[in-house]
file my_file08.tsv (TSV, C-alpha atoms)
chain	number	residue	atom	x	y	z
A	290	MET	CA	-88.06	-142.71	-53.89
A	291	GLY	CA	-85.65	-139.87	-54.50
A	292	THR	CA	-83.40	-139.70	-57.52
A	293	LEU	CA	-81.27	-142.81	-57.98
A	294	SER	CA	-78.21	-142.31	-60.19
A	295	LEU	CA	-76.26	-145.03	-61.96
A	296	SER	CA	-72.58	-144.88	-62.81
A	297	SER	CA	-73.53	-144.46	-66.49
A	298	GLY	CA	-75.27	-141.17	-65.68
A	299	THR	CA	-78.71	-142.73	-66.06
A	300	SER	CA	-81.12	-141.59	-63.34
A	301	ILE	CA	-84.35	-143.05	-61.94
A	302	ASP	CA	-87.20	-140.98	-60.51
A	303	GLU	CA	-90.76	-141.84	-59.54
A	304	ILE	CA	-92.93	-139.27	-61.37
A	305	ALA	CA	-96.34	-140.75	-60.43
A	306	ASP	CA	-97.50	-143.67	-58.30
A	307	ARG	CA	-95.15	-146.54	-59.28
A	308	ILE	CA	-94.38	-144.90	-62.63
A	309	TYR	CA	-90.65	-144.36	-63.01
A	310	ARG	CA	-88.70	-142.13	-65.39
A	311	ILE	CA	-85.40	-143.68	-66.50
A	312	ALA	CA	-83.34	-140.91	-68.10
A	313	THR	CA	-80.01	-141.25	-69.89
A	314	PRO	CA	-78.16	-138.01	-70.77
A	315	VAL	CA	-76.20	-137.77	-74.02
A	316	GLU	CA	-74.20	-135.15	-75.87
A	317	LEU	CA	-75.44	-134.30	-79.35
A	318	PRO	CA	-73.08	-133.95	-82.36
A	319	GLY	CA	-71.99	-130.34	-82.56
A	320	GLY	CA	-72.56	-129.77	-78.84
A	321	GLY	CA	-75.56	-129.57	-76.58
A	322	GLY	CA	-77.16	-132.10	-74.29
A	323	PHE	CA	-80.22	-134.27	-74.71
A	324	SER	CA	-81.99	-136.99	-72.73
A	325	PHE	CA	-83.57	-140.28	-73.72
A	326	ASN	CA	-86.31	-141.19	-71.25
A	327	GLN	CA	-87.96	-144.55	-70.69
A	328	PHE	CA	-90.97	-145.02	-68.38
A	329	LEU	CA	-91.59	-148.12	-66.28
A	330	VAL	CA	-95.03	-148.84	-64.82
A	331	ASP	CA	-94.29	-151.27	-61.98
A	332	ASP	CA	-97.38	-153.39	-61.41
A	333	ASP	CA	-98.61	-156.99	-61.57
A	334	GLU	CA	-97.96	-156.87	-65.33
A	335	PRO	CA	-95.13	-154.32	-65.63
A	336	LEU	CA	-94.89	-152.17	-68.75
A	337	LEU	CA	-91.88	-150.29	-70.11
A	338	PHE	CA	-92.67	-147.45	-72.52
A	339	HIS	CA	-89.77	-146.90	-74.94
A	340	THR	CA	-86.69	-149.13	-74.99
A	341	GLY	CA	-84.16	-146.50	-75.95
A	342	LEU	CA	-81.50	-146.98	-78.61
A	343	ARG	CA	-79.96	-150.43	-78.84
A	344	GLY	CA	-76.72	-149.07	-77.38
A	345	LEU	CA	-78.61	-147.93	-74.27
A	346	PHE	CA	-79.92	-151.41	-73.49
A	347	PRO	CA	-77.37	-152.22	-70.72
A	348	MET	CA	-78.13	-148.96	-68.89
A	349	VAL	CA	-81.91	-149.28	-69.19
A	350	ARG	CA	-81.83	-152.94	-68.17
A	351	GLU	CA	-79.75	-152.07	-65.10
A	352	ALA	CA	-82.19	-149.32	-64.17
A	353	VAL	CA	-85.24	-151.58	-64.53
A	354	SER	CA	-83.49	-154.22	-62.42
A	355	LEU	CA	-83.03	-151.72	-59.58
A	356	ILE	CA	-86.80	-151.17	-59.48
A	357	MET	CA	-87.98	-154.77	-59.90
A	358	PRO	CA	-86.71	-158.18	-61.09
A	359	PHE	CA	-86.10	-157.70	-64.81
A	360	VAL	CA	-87.65	-161.05	-65.78
A	361	ARG	CA	-91.03	-159.80	-64.52
A	362	LEU	CA	-91.26	-157.35	-67.43
A	363	ARG	CA	-94.51	-158.12	-69.26
A	364	TYR	CA	-95.08	-155.40	-71.88
A	365	ILE	CA	-92.78	-153.18	-73.94
A	366	GLY	CA	-94.63	-150.29	-75.54
A	367	PHE	CA	-93.61	-147.40	-77.77
A	368	SER	CA	-95.21	-144.53	-79.64
A	369	HIS	CA	-93.87	-145.22	-83.14
A	370	PHE	CA	-91.22	-147.26	-84.91
A	371	GLU	CA	-87.95	-145.38	-84.51
A	372	ALA	CA	-84.57	-146.36	-83.10
A	373	ASP	CA	-84.84	-144.36	-79.86
A	374	GLU	CA	-88.37	-145.68	-79.31
A	375	CYS	CA	-87.78	-149.39	-79.90
A	376	GLY	CA	-84.19	-149.93	-81.07
A	377	ALA	CA	-83.51	-152.35	-78.21
A	378	LEU	CA	-86.85	-154.15	-78.51
A	379	ASN	CA	-85.42	-157.53	-79.47
A	380	GLU	CA	-82.76	-157.31	-76.75
A	381	PHE	CA	-85.53	-156.77	-74.20
A	382	LEU	CA	-87.64	-159.60	-75.62
A	383	ALA	CA	-84.65	-161.95	-75.43
A	384	ALA	CA	-83.86	-161.02	-71.83
A	385	ALA	CA	-87.46	-161.00	-70.51
A	386	PRO	CA	-89.12	-164.25	-71.58
A	387	ARG	CA	-92.69	-163.17	-70.69
A	388	ALA	CA	-92.49	-159.80	-72.42
A	389	GLU	CA	-94.61	-158.78	-75.42
A	390	ALA	CA	-94.23	-155.71	-77.60
A	391	VAL	CA	-97.25	-153.39	-77.40
A	392	CYS	CA	-98.06	-151.06	-80.27
A	393	GLY	CA	-100.89	-149.87	-82.49
A	394	GLN	CA	-102.35	-151.88	-85.35
A	395	ILE	CA	-100.56	-149.81	-88.01
A	396	ALA	CA	-97.14	-150.23	-86.38
A	397	ALA	CA	-97.70	-153.98	-86.18
A	398	MET	CA	-98.70	-154.15	-89.82
A	399	VAL	CA	-95.93	-152.01	-91.33
A	400	SER	CA	-92.94	-152.86	-89.09
A	401	VAL	CA	-93.26	-154.76	-85.84
A	402	ASN	CA	-94.69	-158.05	-87.15
A	403	ASP	CA	-91.57	-158.33	-89.29
A	404	TYR	CA	-89.00	-156.85	-86.91
A	405	ALA	CA	-89.83	-158.31	-83.51
A	406	VAL	CA	-88.66	-161.80	-82.59
A	407	ARG	CA	-92.11	-162.49	-81.09
A	408	PRO	CA	-95.51	-161.31	-82.33
A	409	PRO	CA	-96.61	-158.00	-80.78
A	410	ARG	CA	-99.76	-157.23	-78.82
A	411	ALA	CA	-101.36	-154.88	-81.36
A	412	LEU	CA	-103.97	-152.59	-79.79
A	413	ASN	CA	-106.93	-150.97	-81.47
A	414	ASP	CA	-107.55	-147.25	-81.06
A	415	GLY	CA	-109.09	-146.77	-77.61
A	416	GLU	CA	-108.32	-150.31	-76.43
A	417	THR	CA	-107.27	-150.73	-72.81
A	418	LEU	CA	-104.64	-153.01	-71.33
A	419	PRO	CA	-104.94	-153.81	-67.58
A	420	LEU	CA	-101.65	-153.98	-65.69
A	421	GLY	CA	-102.99	-154.53	-62.16
A	422	ARG	CA	-103.58	-151.34	-60.17
A	423	HIS	CA	-102.82	-149.43	-63.35
A	424	CYS	CA	-104.48	-149.59	-66.76
A	425	VAL	CA	-103.29	-148.08	-70.04
A	426	ARG	CA	-105.35	-147.04	-73.04
A	427	TRP	CA	-103.91	-146.86	-76.57
A	428	LEU	CA	-104.69	-143.71	-78.58
A	429	ASP	CA	-103.95	-143.51	-82.29
A	430	THR	CA	-102.34	-140.17	-83.25
A	431	PRO	CA	-101.21	-140.65	-86.87
A	432	HIS	CA	-98.49	-138.15	-87.84
A	433	LEU	CA	-98.63	-136.38	-84.45
A	434	PRO	CA	-95.91	-135.42	-84.15
A	435	HIS	CA	-94.68	-137.79	-86.88
A	436	ALA	CA	-95.08	-141.31	-88.31
A	437	TRP	CA	-98.25	-142.89	-89.67
A	438	GLU	CA	-98.25	-145.47	-86.87
A	439	CYS	CA	-97.83	-142.95	-84.04
A	440	GLY	CA	-99.88	-143.27	-80.87
A	441	PHE	CA	-99.70	-142.77	-77.11
A	442	LEU	CA	-100.67	-144.59	-73.93
A	443	MET	CA	-102.82	-142.97	-71.25
A	444	GLU	CA	-102.42	-144.48	-67.79
A	445	THR	CA	-105.91	-143.92	-66.44
A	446	THR	CA	-105.37	-144.51	-62.70
A	447	SER	CA	-102.73	-141.79	-62.24
A	448	ALA	CA	-103.88	-139.65	-65.22
A	449	THR	CA	-100.41	-139.96	-66.75
A	450	LEU	CA	-100.10	-139.49	-70.51
A	451	LEU	CA	-97.10	-141.33	-71.96
A	452	CYS	CA	-96.76	-138.74	-74.70
A	453	GLY	CA	-93.62	-139.73	-76.58
A	454	ASP	CA	-92.10	-136.90	-78.62
A	455	LEU	CA	-94.70	-134.28	-77.70
A	456	PHE	CA	-93.11	-131.44	-75.69
A	457	THR	CA	-89.55	-132.50	-76.52
A	458	GLN	CA	-87.08	-130.32	-74.62
A	459	GLY	CA	-83.37	-130.02	-75.23
A	460	GLY	CA	-80.79	-130.34	-72.48
A	461	ALA	CA	-79.31	-133.32	-70.69
A	462	GLN	CA	-79.89	-132.32	-67.06
A	463	ASN	CA	-83.51	-131.21	-66.85
A	464	PRO	CA	-85.38	-131.93	-63.60
A	465	ALA	CA	-87.16	-135.27	-63.63
A	466	LEU	CA	-90.56	-133.68	-62.94
A	467	THR	CA	-91.47	-130.02	-63.21
A	468	GLU	CA	-94.47	-127.75	-62.87
A	469	SER	CA	-92.72	-124.98	-64.80
A	470	ASP	CA	-93.69	-124.21	-68.38
A	471	ILE	CA	-92.42	-126.74	-70.92
A	472	LEU	CA	-94.38	-125.42	-73.89
A	473	GLU	CA	-92.06	-122.50	-74.60
A	474	PRO	CA	-88.81	-124.52	-74.45
A	475	SER	CA	-90.32	-127.39	-76.43
A	476	GLU	CA	-91.61	-125.01	-79.11
A	477	LYS	CA	-88.20	-123.34	-79.25
A	478	PHE	CA	-86.67	-126.77	-79.82
A	479	ARG	CA	-89.30	-127.58	-82.50
A	480	HIS	CA	-88.61	-124.39	-84.41
A	481	LYS	CA	-84.89	-125.13	-84.37
A	482	MET	CA	-85.25	-128.80	-85.39
A	483	ASP	CA	-88.68	-129.16	-86.92
A	484	TYR	CA	-89.66	-132.80	-86.38
A	485	PHE	CA	-93.45	-132.35	-86.68
A	486	SER	CA	-95.38	-133.59	-89.70
A	487	HIS	CA	-97.86	-130.69	-89.36
A	488	THR	CA	-100.82	-132.94	-90.03
A	489	ARG	CA	-104.08	-131.04	-90.63
A	490	ASN	CA	-105.65	-133.20	-87.89
A	491	ALA	CA	-103.31	-132.04	-85.11
A	492	ARG	CA	-105.87	-129.92	-83.25
A	493	SER	CA	-108.57	-132.59	-83.18
A	494	MET	CA	-106.10	-135.21	-81.93
A	495	LEU	CA	-104.68	-132.87	-79.28
A	496	GLU	CA	-108.22	-132.00	-78.19
A	497	ARG	CA	-108.97	-135.71	-77.78
A	498	LEU	CA	-105.88	-136.08	-75.58
A	499	ALA	CA	-106.86	-132.97	-73.62
A	500	SER	CA	-110.34	-134.37	-72.98
A	501	LEU	CA	-108.72	-137.16	-70.95
A	502	GLN	CA	-107.57	-134.53	-68.41
A	503	PRO	CA	-104.00	-135.78	-67.87
A	504	THR	CA	-102.20	-134.37	-64.85
A	505	THR	CA	-98.76	-135.82	-65.62
A	506	LEU	CA	-97.10	-135.77	-69.04
A	507	ALA	CA	-94.31	-138.34	-69.43
A	508	CYS	CA	-92.14	-136.78	-72.14
A	509	MET	CA	-89.56	-138.88	-73.94
A	510	HIS	CA	-87.00	-136.05	-74.04
A	511	GLY	CA	-86.60	-133.54	-71.21
A	512	SER	CA	-88.60	-133.19	-68.01
A	513	ALA	CA	-91.84	-134.91	-67.22
A	514	TRP	CA	-94.50	-132.37	-66.30
A	515	HIS	CA	-97.25	-132.08	-63.69
A	516	GLY	CA	-100.25	-129.75	-63.85
A	517	ASP	CA	-103.24	-129.00	-66.05
A	518	GLY	CA	-102.36	-131.22	-68.99
A	519	ALA	CA	-105.49	-130.32	-70.91
A	520	ALA	CA	-104.55	-126.63	-70.95
A	521	LEU	CA	-100.98	-127.44	-72.00
A	522	LEU	CA	-102.13	-129.68	-74.87
A	523	ARG	CA	-104.53	-127.00	-76.09
A	524	GLY	CA	-101.71	-124.48	-75.86
A	525	LEU	CA	-99.63	-126.73	-78.12
A	526	ALA	CA	-102.52	-126.90	-80.61
A	527	ASP	CA	-102.69	-123.10	-80.67
A	528	SER	CA	-98.94	-122.81	-81.18
A	529	LEU	CA	-98.93	-125.33	-84.04
A	530	GLU	CA	-101.71	-123.44	-85.82
A	531	HIS	CA	-99.62	-120.26	-85.68
A	532	GLY	CA	-96.51	-121.97	-87.04

call {"tool": "encode", "arguments": {"input": "my_file08.tsv", "output": "structure tokens"}}
result
Amino acid sequence: MGTLSLSSGTSIDEIADRIYRIATPVELPGGGGFSFNQFLVDDDEPLLFHTGLRGLFPMVREAVSLIMPFVRLRYIGFSHFEADECGALNEFLAAAPRAEAVCGQIAAMVSVNDYAVRPPRALNDGETLPLGRHCVRWLDTPHLPHAWECGFLMETTSATLLCGDLFTQGGAQNPALTESDILEPSEKFRHKMDYFSHTRNARSMLERLASLQPTTLACMHGSAWHGDGAALLRGLADSLEHG
């Protein structure tokens, strides 16, 4: 499908086989644009990665409903416990009766067991979750880029890494999918608004992600990216080591 735009400004693009980027542009306080991106894997057991802020729920729900019947939604995943990652979690759980939250064990222990209206599906590091044609694998990445409970999902069939806040790019109107460099603009954004924890384990965790050879990076803010994901992740590790 080509880009589908909603009246709210939210857009829908297929960035990999049946993996859709749902992007809502916003204006930041003080000026400047930004995007909040959700990713829907449409399969036998559909998974949405990120819910967006609670105030974005109507737009994200409308977008999901244009791709598939909303009540089919089975899993709602997120990288770490933060408002733009899972602020609308309970709204989604209420509207999709079969849906379960999906997170790491630490997130379940410290936040989600208490917050969510239904118990989450808490995954162990390296555990896989079949969706049908697709399958996702949970990867613990504590404090990368931030939060003890942080982790990512690797969709193994399409080699798509749902990489949360890694490679965050500013701007509200970035292309949905690009092969242009996103390391330089994301590092420029990081130096301006340093949101990394700078964990001493960053390189080893980024090397583990690189070893999976992703070819699409589904970034939560800015463009998704297609190319040699291993090289890009190692480039990020180098940049972090040099400040």

call {"tool": "atom_distance", "arguments": {"input": "my_file08.tsv", "atom1": "atom CA of Val401 of chain A", "atom2": "atom CA of Arg422 of chain A"}}
result
27.9 Å

call {"tool": "closest_atom_pairs", "arguments": {"input": "my_file08.tsv", "of": "segment 383-477 of chain A", "to": "segment 347-359 of chain A", "cutoff": "10 Å", "atoms": "all atoms listed in the file", "output": "CSV"}}
result
residue,atom,partner,partner_atom,distance
A:Ala384,CA,A:Phe359,CA,8.1
A:Ala385,CA,A:Phe359,CA,6.7
A:Pro386,CA,A:Phe359,CA,9.9

call {"tool": "residues_near_point", "arguments": {"input": "my_file08.tsv", "point": "(-95.8, -139.5, -67.4)", "cutoff": "12 Å", "atoms": "only C-alpha atoms", "output": "VMD selection string"}}
result
chain A and resid 302 to 311 326 to 330 337 to 338 425 441 to 453 455 to 456 465 to 467 503 to 516 518

call {"tool": "atom_distance", "arguments": {"input": "my_file08.tsv", "atom1": "atom CA of His339 of chain A", "atom2": "atom CA of Gly319 of chain A"}}
result
25.5 Å

call {"tool": "closest_residue", "arguments": {"input": "my_file08.tsv", "among": "A:Leu529, A:Cys439, A:Leu501, A:Val406", "to": "Asp517 of chain A", "atoms": "all atoms listed in the file"}}
result
A:Leu501

call {"tool": "atom_distance", "arguments": {"input": "my_file08.tsv", "atom1": "atom CA of Ala499 of chain A", "atom2": "atom CA of Asp527 of chain A"}}
result
12.8 Å

call {"tool": "closest_residue", "arguments": {"input": "my_file08.tsv", "among": "A:Leu521, A:Ile395, A:Leu317, A:Met494", "to": "Leu433 of chain A", "atoms": "only C-alpha atoms"}}
result
A:Met494

call {"tool": "residues_near_point", "arguments": {"input": "my_file08.tsv", "point": "(-89.6, -156.5, -78.2)", "cutoff": "7 Å", "atoms": "all atoms listed in the file", "output": "number ranges by chain"}}
result
A: 365, 378-379, 381-382, 389-390, 405-406

call {"tool": "residues_around", "arguments": {"input": "my_file08.tsv", "residues": "Gly415 of chain A", "least_positions_apart": "2", "cutoff": "10 Å", "atoms": "all atoms listed in the file", "output": "PDB file with C-alpha atoms, in the coordinates of the input"}}
result
ATOM      1  CA  LEU A 412    -103.970-152.590 -79.790  1.00  0.00           C
ATOM      2  CA  ASN A 413    -106.930-150.970 -81.470  1.00  0.00           C
ATOM      3  CA  THR A 417    -107.270-150.730 -72.810  1.00  0.00           C
ATOM      4  CA  LEU A 418    -104.640-153.010 -71.330  1.00  0.00           C
ATOM      5  CA  VAL A 425    -103.290-148.080 -70.040  1.00  0.00           C
ATOM      6  CA  ARG A 426    -105.350-147.040 -73.040  1.00  0.00           C
ATOM      7  CA  TRP A 427    -103.910-146.860 -76.570  1.00  0.00           C
ATOM      8  CA  LEU A 428    -104.690-143.710 -78.580  1.00  0.00           C
ATOM      9  CA  ASP A 429    -103.950-143.510 -82.290  1.00  0.00           C
ATOM     10  CA  LEU A 442    -100.670-144.590 -73.930  1.00  0.00           C
ATOM     11  CA  MET A 443    -102.820-142.970 -71.250  1.00  0.00           C
TER      12      MET A 443
END
